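Novice: My structure is below; once you've seen it, I'll send some questions.
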Protein chains: 2
Amino acid sequence: MTYAEFQQRFQLSAERLYQEIYRANREKIQVKKEATVLRNLTRIFDATLKISNEKGFAAMSMRDFSRETGLSLGALYSYVASKEDLLEMILGQGRVLVLSILEEAIAREADPVARLHAAVRAHLFVSEALQPWFYFSFMEAKKMGRAGKEQTLASEMYTDRLFADILRAGQTAGAFRPRDPDQSAQAIKALLQEWYVKRWKFARTGVSVDRYADFVLEFIDAFHLPARSNRSNTPSVVPLPARHGGSRRAAGAAGKENA
Amino acid sequence: MTYAEFQQRFQLSAERLYQEIYRANREKIQVKKEATVLRNLTRIFDATLKISNEKGFAAMSMRDFSRETGLSLGALYSYVASKEDLLEMILGQGRVLVLSILEEAIAREADPVARLHAAVRAHLFVSEALQPWFYFSFMEAKKMGRAGKEQTLASEMYTDRLFADILRAGQTAGAFRPRDPDQSAQAIKALLQEWYVKRWKFARTGVSVDRYADFVLEFIDAFHLPARSNRSNTPSVVPLPARHGGSRRAAGAAGKENA
DNA sequence: GTCTATATACGGATAGAC
DNA sequence: GTCTATCCGTATATAGAC
């Protein structure tokens, strides 16, 4: 599957995420006219992700926030009960959406190798479609209260297990070589994480999700698949020609993970 | 090389890092008696890393800080000009130390495979010895001013290139298969980063640095080395037995990356 | 060198007019 | 529904005694 095909199938976007957050918090929001609420919540969430991903949620003042959204302080507080509430609204709902799509994407695959590939691609594609949210979630999750942290941890362990189970099943079926499934799952997730945490690097080198997905899968396959399917000296992912013009963007790139 | 051997050779510790920070900032510090300064700076840096790695540097108030160090607010300000200054002192000096050790560790290795292995092990071992600093640096680097961000970026690109150059040289020499050296370097760094960013996971599963180093090297080798050396079905890194008692620690673990 | 007490500003949050 | 004006706690940072 390519990213374009994924998008055609799942129609995943920030707007979709925002709608889900709205649906889950409808009663807490004072303003009632749906069209208005959706328009302003979009501004609110966009601004939160933008400012936070530049300098951190804690460093985002309500006044920065007011300026970026174009709404006054008073208006903001008729959408959001508190700054902490804003954090939990955003973090809470995203996880559900991500997991549901991941599961739907691998459900139809029976073959272990196909399941592994589908899961890797799906994770990369979801994090591509919702990159600012993923980065935000990664950086800010620890600042939530006790309940929020436990949910984050649970969801982290859930995806670890999702990958580990695919590997275990594949090893039992003889499709994968014997490798520690738990360590492999964690390593795979580290490679997936790289896509949304270090996105500015990929932007600089002009690597697309599809290209990165191919690369990651070759890397993972080389370790897990039997040697026979892994003897090639001509990878599908060939080196790019050196990009001498790339350094022009270097100066301002640190911290602009959200560009 | 094992971690124990690494430690015997380099004697790397938080104290060593703190001494280097002190040397680089000696004239800015008002207090002059060296023994006193070193004792209190140790408390100051330990407290900063501890509190920040729990809830973020921005959320650490000077009163938290005063309580943790056992020094009054007034005393703190005779060591540190401002909170921002504290951030830059800590982040600035660590990078230099890390790079010097990395280079020293690979200098004596001529063979490409040995160089790659030495670099991977050295990076893991340095980040093990200075884990709180690495985590802090990863999470807080973007909150620095313009100059600080550029240095961070430069150092990030420098290590990228260090790994990419080893791969390139090895490919020219025929020791590695043709794989995009830049993408590989980034992937390797993602695996190294996992060690200090998700440390609570390794603590939970009881994985040591040495064990993780073996795993990462097998993973990397499977992708880069010619198929002949990569056909084994009996990896040196065998799966651990399942740990059923592990979930007891689950509840409080999120956010305690620093334990 | 270290403390306590305090100046000063900035933060989140709310009241009430429109 | 949105705004302006403002409350009030907490933050960083400093002054000056010991």
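Scheme for the structure tokens: letters A, B, ... for chains in order shown; per-chain residue numbers from 1; ligand numbers from 1 in order shown.
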Please, can I see chain A fitted onto chain B by all in-order Cα atoms (least squares), as a CSV table (one decimal) with C-alpha atoms, in the first residue's frame?

Specialist:
chain,number,residue,atom,x,y,z
A,1,MET,CA,34.0,-4.2,24.5
A,2,THR,CA,31.6,-4.5,27.4
A,3,TYR,CA,30.2,-1.6,29.5
A,4,ALA,CA,32.5,-2.6,32.4
A,5,GLU,CA,35.6,-2.3,30.2
A,6,PHE,CA,34.3,1.0,28.7
A,7,GLN,CA,33.9,2.4,32.2
A,8,GLN,CA,37.4,1.2,33.3
A,9,ARG,CA,38.9,2.9,30.3
A,10,PHE,CA,37.0,6.2,30.3
A,11,GLN,CA,35.9,6.7,33.9
A,12,LEU,CA,32.8,8.5,32.7
A,13,SER,CA,30.3,9.7,35.2
A,14,ALA,CA,28.0,12.6,36.0
A,15,GLU,CA,30.7,14.0,38.3
A,16,ARG,CA,33.1,14.1,35.4
A,17,LEU,CA,30.5,16.0,33.3
A,18,TYR,CA,29.8,18.4,36.1
A,19,GLN,CA,33.5,19.2,36.5
A,20,GLU,CA,33.8,20.0,32.8
A,21,ILE,CA,30.8,22.3,33.0
A,22,TYR,CA,32.4,24.0,36.0
A,23,ARG,CA,35.7,24.5,34.2
A,24,ALA,CA,34.0,26.0,31.2
A,25,ASN,CA,32.0,28.5,33.4
A,26,ARG,CA,34.3,29.2,36.3
A,27,GLU,CA,34.5,32.9,35.8
A,28,LYS,CA,30.7,33.4,35.7
A,29,ILE,CA,30.2,31.8,39.1
A,30,GLN,CA,30.3,34.2,42.0
A,31,VAL,CA,31.3,31.8,44.7
A,32,LYS,CA,35.0,31.1,44.6
A,33,LYS,CA,35.9,28.3,47.1
A,34,GLU,CA,36.4,25.4,44.7
A,35,ALA,CA,35.4,22.6,47.1
A,36,THR,CA,32.1,24.3,48.0
A,37,VAL,CA,31.3,25.1,44.4
A,38,LEU,CA,31.8,21.6,43.2
A,39,ARG,CA,29.7,20.2,46.0
A,40,ASN,CA,26.8,22.6,45.4
A,41,LEU,CA,27.0,22.4,41.6
A,42,THR,CA,26.6,18.7,41.9
A,43,ARG,CA,23.4,19.2,43.9
A,44,ILE,CA,22.3,21.9,41.4
A,45,PHE,CA,22.8,19.8,38.3
A,46,ASP,CA,21.4,16.6,39.8
A,47,ALA,CA,18.3,18.5,40.9
A,48,THR,CA,17.8,20.1,37.5
A,49,LEU,CA,18.1,16.8,35.7
A,50,LYS,CA,15.9,15.0,38.2
A,51,ILE,CA,13.0,17.6,38.3
A,52,SER,CA,13.2,18.4,34.6
A,53,ASN,CA,13.2,14.8,33.5
A,54,GLU,CA,10.1,14.2,35.6
A,55,LYS,CA,8.0,17.2,34.5
A,56,GLY,CA,10.0,19.4,32.1
A,57,PHE,CA,12.5,22.2,32.7
A,58,ALA,CA,9.8,24.9,32.1
A,59,ALA,CA,7.6,23.4,34.8
A,60,MET,CA,10.5,23.4,37.3
A,61,SER,CA,10.1,26.5,39.5
A,62,MET,CA,13.0,28.0,41.3
A,63,ARG,CA,11.2,27.1,44.5
A,64,ASP,CA,11.0,23.4,43.6
A,65,PHE,CA,14.6,23.7,42.7
A,66,SER,CA,15.5,25.4,46.0
A,67,ARG,CA,13.8,22.6,47.9
A,68,GLU,CA,15.5,19.8,46.0
A,69,THR,CA,19.0,21.2,46.3
A,70,GLY,CA,18.6,22.3,49.9
A,71,LEU,CA,19.9,25.7,48.9
A,72,SER,CA,18.0,29.0,49.3
A,73,LEU,CA,16.8,31.0,46.3
A,74,GLY,CA,19.5,33.6,47.1
A,75,ALA,CA,22.2,31.0,47.3
A,76,LEU,CA,21.2,29.5,43.9
A,77,TYR,CA,21.6,32.8,42.2
A,78,SER,CA,25.2,33.0,43.3
A,79,TYR,CA,25.9,29.9,41.2
A,80,VAL,CA,23.5,30.5,38.3
A,81,ALA,CA,22.9,33.8,36.6
A,82,SER,CA,19.4,32.8,35.5
A,83,LYS,CA,17.2,29.8,34.8
A,84,GLU,CA,18.0,30.1,31.1
A,85,ASP,CA,21.7,30.3,31.9
A,86,LEU,CA,21.4,27.0,33.8
A,87,LEU,CA,19.9,25.4,30.8
A,88,GLU,CA,22.7,26.5,28.5
A,89,MET,CA,25.4,25.5,30.9
A,90,ILE,CA,24.2,22.0,31.1
A,91,LEU,CA,23.4,21.5,27.5
A,92,GLY,CA,26.5,23.2,26.1
A,93,GLN,CA,29.2,21.2,27.8
A,94,GLY,CA,27.8,17.7,27.5
A,95,ARG,CA,28.0,17.6,23.7
A,96,VAL,CA,31.7,18.3,23.7
A,97,LEU,CA,32.4,15.5,26.1
A,98,VAL,CA,30.2,13.0,24.2
A,99,LEU,CA,31.8,13.7,20.9
A,100,SER,CA,35.4,13.5,22.2
A,101,ILE,CA,34.7,10.1,23.7
A,102,LEU,CA,33.0,8.8,20.6
A,103,GLU,CA,35.9,9.7,18.5
A,104,GLU,CA,38.5,8.3,20.9
A,105,ALA,CA,36.6,5.1,21.0
A,106,ILE,CA,36.6,4.5,17.2
A,107,ALA,CA,40.1,6.0,16.5
A,108,ARG,CA,42.0,2.8,17.0
A,109,GLU,CA,39.7,0.7,14.8
A,110,ALA,CA,40.7,0.4,11.1
A,111,ASP,CA,38.4,-2.3,9.9
A,112,PRO,CA,34.9,-0.9,8.8
A,113,VAL,CA,32.9,-3.5,10.7
A,114,ALA,CA,35.0,-3.0,13.8
A,115,ARG,CA,34.6,0.8,13.5
A,116,LEU,CA,30.8,0.5,13.2
A,117,HIS,CA,30.6,-1.8,16.2
A,118,ALA,CA,32.9,0.4,18.3
A,119,ALA,CA,30.9,3.5,17.4
A,120,VAL,CA,27.5,1.8,18.3
A,121,ARG,CA,28.8,0.4,21.5
A,122,ALA,CA,30.5,3.7,22.5
A,123,HIS,CA,27.4,5.7,21.9
A,124,LEU,CA,25.3,3.3,23.9
A,125,PHE,CA,27.8,3.3,26.8
A,126,VAL,CA,28.2,7.0,26.9
A,127,SER,CA,24.4,7.5,27.0
A,128,GLU,CA,24.3,4.8,29.7
A,129,ALA,CA,26.8,6.6,31.9
A,130,LEU,CA,25.2,10.0,31.4
A,131,GLN,CA,21.6,8.9,30.9
A,132,PRO,CA,19.8,11.7,32.7
A,133,TRP,CA,21.8,14.2,30.7
A,134,PHE,CA,21.0,12.6,27.4
A,135,TYR,CA,17.3,12.5,28.2
A,136,PHE,CA,17.4,16.1,29.3
A,137,SER,CA,19.3,17.2,26.2
A,138,PHE,CA,16.8,15.4,24.0
A,139,MET,CA,13.8,16.9,25.6
A,140,GLU,CA,15.0,20.4,26.3
A,141,ALA,CA,17.3,21.3,23.4
A,142,LYS,CA,14.6,23.1,21.4
A,143,LYS,CA,13.9,25.5,24.2
A,144,MET,CA,17.3,27.2,23.9
A,145,GLY,CA,18.0,30.4,22.1
A,146,ARG,CA,19.1,30.6,18.5
A,147,ALA,CA,22.7,30.0,19.1
A,148,GLY,CA,22.1,27.0,21.2
A,149,LYS,CA,19.7,25.4,18.7
A,150,GLU,CA,22.2,25.8,16.0
A,151,GLN,CA,24.9,24.0,18.1
A,152,THR,CA,22.5,21.2,18.8
A,153,LEU,CA,21.6,20.8,15.2
A,154,ALA,CA,25.3,20.9,14.2
A,155,SER,CA,26.1,18.2,16.7
A,156,GLU,CA,23.2,16.0,15.6
A,157,MET,CA,24.4,16.3,12.0
A,158,TYR,CA,27.9,15.6,13.0
A,159,THR,CA,27.1,12.2,14.6
A,160,ASP,CA,24.8,11.4,11.6
A,161,ARG,CA,27.8,11.9,9.4
A,162,LEU,CA,30.1,10.0,11.6
A,163,PHE,CA,28.0,6.9,11.2
A,164,ALA,CA,27.3,7.5,7.5
A,165,ASP,CA,31.0,7.9,6.8
A,166,ILE,CA,31.8,4.6,8.4
A,167,LEU,CA,29.1,2.9,6.3
A,168,ARG,CA,30.3,4.7,3.1
A,169,ALA,CA,33.9,3.7,3.7
A,170,GLY,CA,32.8,0.1,4.4
A,171,GLN,CA,30.8,-0.1,1.2
A,172,THR,CA,33.7,1.2,-0.8
A,173,ALA,CA,35.9,-1.5,0.8
A,174,GLY,CA,33.3,-4.1,0.0
A,175,ALA,CA,32.6,-4.9,3.7
A,176,PHE,CA,29.0,-3.7,3.6
A,177,ARG,CA,26.2,-4.2,1.1
A,178,PRO,CA,25.1,-1.1,-0.9
A,179,ARG,CA,22.5,0.6,1.4
A,180,ASP,CA,21.8,4.3,1.6
A,181,PRO,CA,24.4,5.4,4.2
A,182,ASP,CA,22.4,8.5,5.3
A,183,GLN,CA,19.2,6.7,5.9
A,184,SER,CA,21.0,3.9,7.6
A,185,ALA,CA,22.9,6.3,9.9
A,186,GLN,CA,19.6,7.9,10.9
A,187,ALA,CA,18.0,4.5,11.6
A,188,ILE,CA,21.0,3.4,13.7
A,189,LYS,CA,20.7,6.6,15.7
A,190,ALA,CA,17.0,6.0,16.3
A,191,LEU,CA,18.0,2.6,17.8
A,192,LEU,CA,20.6,4.3,20.0
A,193,GLN,CA,18.3,7.0,21.1
A,194,GLU,CA,15.8,4.4,22.3
A,195,TRP,CA,18.3,3.4,25.0
A,196,TYR,CA,18.1,6.7,26.8
A,197,VAL,CA,14.7,7.9,25.8
A,198,LYS,CA,12.7,4.8,26.7
A,199,ARG,CA,14.9,3.6,29.5
A,200,TRP,CA,12.1,2.6,31.8
A,201,LYS,CA,11.1,-0.1,29.3
A,202,PHE,CA,14.5,-1.7,29.5
A,203,ALA,CA,14.5,-1.4,33.2
A,204,ARG,CA,11.1,-3.2,33.3
A,205,THR,CA,12.3,-6.0,31.1
A,206,GLY,CA,15.7,-6.3,32.8
A,207,VAL,CA,17.7,-5.7,29.7
A,208,SER,CA,21.3,-4.4,30.3
A,209,VAL,CA,23.3,-2.1,28.0
A,210,ASP,CA,25.5,-5.0,27.0
A,211,ARG,CA,22.6,-7.1,26.0
A,212,TYR,CA,20.9,-4.2,24.1
A,213,ALA,CA,24.2,-3.5,22.3
A,214,ASP,CA,24.4,-7.1,21.1
A,215,PHE,CA,20.9,-7.0,19.9
A,216,VAL,CA,21.3,-3.7,18.1
A,217,LEU,CA,24.4,-4.9,16.4
A,218,GLU,CA,22.8,-8.1,15.2
A,219,PHE,CA,19.9,-6.0,13.8
A,220,ILE,CA,22.2,-3.6,12.0
A,221,ASP,CA,24.6,-6.3,10.7
A,222,ALA,CA,21.7,-8.3,9.2
A,223,PHE,CA,21.0,-5.3,7.0
A,224,HIS,CA,24.5,-4.2,6.2
A,225,LEU,CA,26.8,-7.2,6.1
A,226,PRO,CA,26.9,-9.6,3.2
A,227,ALA,CA,24.4,-12.5,3.4
A,228,ARG,CA,27.2,-15.1,4.1
A,229,SER,CA,27.8,-13.8,7.7
A,230,ASN,CA,24.1,-13.4,8.2
A,231,ARG,CA,22.5,-16.8,7.7
A,232,SER,CA,22.3,-17.9,11.3
A,233,ASN,CA,19.2,-19.3,12.8
A,234,THR,CA,20.7,-19.3,16.3
A,235,PRO,CA,21.3,-15.7,17.3
A,236,SER,CA,23.5,-14.9,20.2
A,237,VAL,CA,20.7,-12.8,21.6
A,238,VAL,CA,18.1,-15.4,22.5
A,239,PRO,CA,14.7,-14.5,23.8
A,240,LEU,CA,14.4,-14.0,27.5
A,241,PRO,CA,11.9,-16.1,29.3
A,242,ALA,CA,8.6,-14.3,29.9
A,243,ARG,CA,8.6,-12.2,33.1
A,244,HIS,CA,5.2,-12.5,34.7
A,245,GLY,CA,6.0,-10.4,37.7
A,246,GLY,CA,6.9,-7.4,35.6
A,247,SER,CA,3.6,-5.7,35.6
A,248,ARG,CA,3.8,-4.7,39.2
A,249,ARG,CA,5.9,-1.7,38.4
A,250,ALA,CA,3.7,-0.6,35.5
A,251,ALA,CA,1.5,2.0,37.3
A,252,GLY,CA,4.0,4.6,38.1
A,253,ALA,CA,6.5,4.1,35.4
A,254,ALA,CA,5.3,6.6,32.8
A,255,GLY,CA,7.3,9.8,33.1
A,256,LYS,CA,9.8,8.3,35.5
A,257,GLU,CA,12.3,7.9,32.7
A,258,ASN,CA,15.0,8.9,35.1
A,259,ALA,CA,14.7,6.2,37.7

Novice: What are the closest atom pairs, with distances in Å to one decimal, for each residue of chain D lying within 9 Å of chain A, using only C-alpha atoms (C1' of nucleotides), rows by chain and rising residue number, as JSON lines?

Specialist:
{"residue": "D:DG1", "atom": "C1'", "partner": "A:Val31", "partner_atom": "CA", "distance": 7.1}
{"residue": "D:DT2", "atom": "C1'", "partner": "A:Ala75", "partner_atom": "CA", "distance": 5.7}
{"residue": "D:DC3", "atom": "C1'", "partner": "A:Ser72", "partner_atom": "CA", "distance": 6.8}
{"residue": "D:DT4", "atom": "C1'", "partner": "A:Gly74", "partner_atom": "CA", "distance": 8.9}

Novice: Could the residues of chain C within 12 Å of chain A, counting only C-alpha atoms (C1' of nucleotides), be given as a PDB file with C-alpha atoms (C1' of nucleotides), in the first residue's frame, please?

Specialist:
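Heads up, here's the output in result_4.pdb:
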ATOM      1  C1'  DC C  10       3.626  37.517  34.354  1.00  0.00           C
ATOM      2  C1'  DG C  11       0.758  33.590  34.502  1.00  0.00           C
ATOM      3  C1'  DG C  12      -4.091  31.465  34.408  1.00  0.00           C
ATOM      4  C1'  DA C  13      -8.621  32.389  35.103  1.00  0.00           C
ATOM      5  C1'  DT C  14     -13.144  35.125  35.700  1.00  0.00           C
ATOM      6  C1'  DA C  15     -16.773  38.990  35.660  1.00  0.00           C
ATOM      7  C1'  DG C  16     -19.665  41.385  33.278  1.00  0.00           C
TER       8       DG C  16
END

Novice: Between atom C1' of D:DC8 and atom C1' of C:DC3, measure the distance and give it in Å to one decimal.

Specialist: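 Atom C1' of C:DC3 lies at a distance of 28.1 Å from atom C1' of D:DC8.
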
Novice: Can you measure atom C1' of C:DT4 to atom C1' of D:DT14 for me? One decimal in Å is fine.

Specialist: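 So the answer is 12.1 Å.
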
Novice: Can you tell me how far atom C1' of D:DA5 sits from atom C1' of C:DA7, in Å to one decimal?

Specialist: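 Answer for the atom C1' of D:DA5 to atom C1' of C:DA7 separation: 24.4 Å.
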
Novice: DSSP on the backbone: which residues in stretch 32-212 of chain A end up as alpha helix (DSSP H)? Give the answer as a PyMOL selection string.

Specialist: chain A and resi 34-55+62-69+73-76+83-107+112-129+131-140+146-172+181-197+199-205+209-212

Novice: Deliver the residues from the most recent selection as a file, using C-alpha atoms, as a short mmCIF file (atom, residue, chain, number, x, y, z; two decimals), in the first residue's frame.

Specialist:
data_model
loop_
_atom_site.label_atom_id
_atom_site.label_comp_id
_atom_site.auth_asym_id
_atom_site.auth_seq_id
_atom_site.Cartn_x
_atom_site.Cartn_y
_atom_site.Cartn_z
CA GLU A 34 -21.93 23.44 16.02
CA ALA A 35 -20.53 25.21 12.99
CA THR A 36 -18.97 27.92 15.17
CA VAL A 37 -17.55 25.41 17.59
CA LEU A 38 -15.92 23.34 14.89
CA ARG A 39 -14.39 26.38 13.23
CA ASN A 40 -12.96 27.70 16.48
CA LEU A 41 -11.85 24.34 17.84
CA THR A 42 -9.85 23.86 14.66
CA ARG A 43 -8.07 27.14 15.33
CA ILE A 44 -7.59 26.20 18.97
CA PHE A 45 -6.10 22.79 18.32
CA ASP A 46 -3.98 23.97 15.42
CA ALA A 47 -2.57 26.78 17.53
CA THR A 48 -1.89 24.48 20.48
CA LEU A 49 0.02 22.00 18.36
CA LYS A 50 1.90 24.71 16.51
CA ILE A 51 3.05 26.71 19.52
CA SER A 52 3.68 23.67 21.72
CA ASN A 53 5.70 21.89 19.08
CA GLU A 54 7.89 24.97 18.76
CA LYS A 55 8.54 25.72 22.40
CA MET A 62 -2.74 31.83 27.17
CA ARG A 63 -1.82 35.18 25.68
CA ASP A 64 0.38 33.60 22.96
CA PHE A 65 -2.49 31.28 22.42
CA SER A 66 -5.03 34.08 22.17
CA ARG A 67 -2.90 35.85 19.58
CA GLU A 68 -2.42 32.74 17.44
CA THR A 69 -6.08 31.73 17.43
CA LEU A 73 -8.86 35.14 26.43
CA GLY A 74 -12.48 35.19 27.46
CA ALA A 75 -13.61 33.44 24.30
CA LEU A 76 -11.01 30.72 24.70
CA LYS A 83 -5.03 24.76 30.08
CA GLU A 84 -4.70 21.32 31.59
CA ASP A 85 -8.08 20.35 30.22
CA LEU A 86 -6.91 21.38 26.77
CA LEU A 87 -3.92 19.08 27.08
CA GLU A 88 -6.02 16.11 28.08
CA MET A 89 -8.64 16.70 25.40
CA ILE A 90 -6.01 16.59 22.70
CA LEU A 91 -4.01 13.68 24.03
CA GLY A 92 -6.92 11.52 25.07
CA GLN A 93 -8.80 11.22 21.84
CA GLY A 94 -5.89 10.74 19.43
CA ARG A 95 -4.88 7.41 20.85
CA VAL A 96 -8.26 5.85 20.21
CA LEU A 97 -8.24 6.94 16.59
CA VAL A 98 -4.70 5.70 15.97
CA LEU A 99 -5.34 2.28 17.42
CA SER A 100 -8.58 1.76 15.56
CA ILE A 101 -6.93 2.52 12.24
CA LEU A 102 -3.92 0.34 12.97
CA GLU A 103 -6.16 -2.60 13.72
CA GLU A 104 -8.37 -2.07 10.73
CA ALA A 105 -5.30 -1.92 8.50
CA ILE A 106 -3.92 -5.30 9.56
CA ALA A 107 -7.24 -7.12 10.06
CA PRO A 112 2.59 -12.99 8.99
CA VAL A 113 4.91 -11.12 6.67
CA ALA A 114 1.99 -9.27 5.11
CA ARG A 115 0.65 -8.42 8.57
CA LEU A 116 4.00 -7.07 9.69
CA HIS A 117 4.35 -4.97 6.56
CA ALA A 118 0.79 -3.69 6.82
CA ALA A 119 1.28 -2.72 10.45
CA VAL A 120 4.54 -0.88 9.77
CA ARG A 121 3.10 0.99 6.80
CA ALA A 122 -0.13 1.81 8.62
CA HIS A 123 1.76 3.23 11.60
CA LEU A 124 3.96 5.37 9.40
CA PHE A 125 0.99 6.59 7.38
CA VAL A 126 -1.10 7.46 10.42
CA SER A 127 1.78 9.38 11.94
CA GLU A 128 2.31 11.14 8.63
CA ALA A 129 -1.33 12.23 8.43
CA GLN A 131 2.32 14.35 12.47
CA PRO A 132 1.85 17.43 14.68
CA TRP A 133 -0.37 15.42 17.00
CA PHE A 134 2.12 12.55 17.21
CA TYR A 135 4.98 14.85 18.01
CA PHE A 136 2.91 16.69 20.59
CA SER A 137 1.80 13.46 22.18
CA PHE A 138 5.35 12.19 22.35
CA MET A 139 6.70 15.33 24.01
CA GLU A 140 3.86 16.24 26.35
CA ARG A 146 -1.84 10.19 36.94
CA ALA A 147 -4.78 8.84 34.94
CA GLY A 148 -3.50 10.29 31.69
CA LYS A 149 -0.05 8.84 32.18
CA GLU A 150 -1.45 5.41 32.80
CA GLN A 151 -3.47 5.57 29.58
CA THR A 152 -0.40 6.63 27.66
CA LEU A 153 1.60 3.79 29.12
CA ALA A 154 -1.19 1.31 28.36
CA SER A 155 -1.39 2.42 24.77
CA GLU A 156 2.39 2.25 24.37
CA MET A 157 2.41 -1.29 25.69
CA TYR A 158 -0.53 -2.18 23.52
CA THR A 159 1.26 -1.32 20.29
CA ASP A 160 4.43 -3.00 21.54
CA ARG A 161 2.42 -6.13 21.99
CA LEU A 162 0.69 -5.74 18.65
CA PHE A 163 4.05 -5.91 16.87
CA ALA A 164 5.44 -8.57 19.18
CA ASP A 165 2.41 -10.80 18.59
CA ILE A 166 2.78 -10.57 14.84
CA LEU A 167 6.42 -11.59 15.17
CA ARG A 168 5.64 -14.43 17.57
CA ALA A 169 2.91 -15.81 15.33
CA GLY A 170 5.24 -15.59 12.36
CA GLN A 171 8.00 -17.42 14.18
CA THR A 172 5.64 -20.21 15.16
CA PRO A 181 9.89 -10.59 19.67
CA ASP A 182 9.73 -8.05 22.48
CA GLN A 183 13.07 -6.49 21.69
CA SER A 184 12.28 -6.51 17.98
CA ALA A 185 8.95 -4.83 18.57
CA GLN A 186 10.61 -2.08 20.53
CA ALA A 187 13.26 -1.61 17.86
CA ILE A 188 10.62 -1.41 15.14
CA LYS A 189 8.76 1.22 17.10
CA ALA A 190 11.96 3.22 17.49
CA LEU A 191 12.24 3.30 13.70
CA LEU A 192 8.59 4.31 13.34
CA GLN A 193 8.99 7.00 15.95
CA GLU A 194 11.86 8.51 14.04
CA TRP A 195 9.43 9.46 11.29
CA TYR A 196 7.42 11.89 13.38
CA VAL A 197 10.04 12.93 15.92
CA ARG A 199 10.65 14.93 10.67
CA TRP A 200 12.76 17.96 9.82
CA LYS A 201 15.58 15.62 8.84
CA PHE A 202 13.46 13.80 6.31
CA ALA A 203 12.19 17.08 4.97
CA ARG A 204 15.76 18.28 4.53
CA THR A 205 16.84 15.17 2.66
CA VAL A 209 6.86 8.42 3.75
CA ASP A 210 6.64 5.83 1.03
CA ARG A 211 10.38 5.84 0.57
CA TYR A 212 11.02 5.65 4.30
#
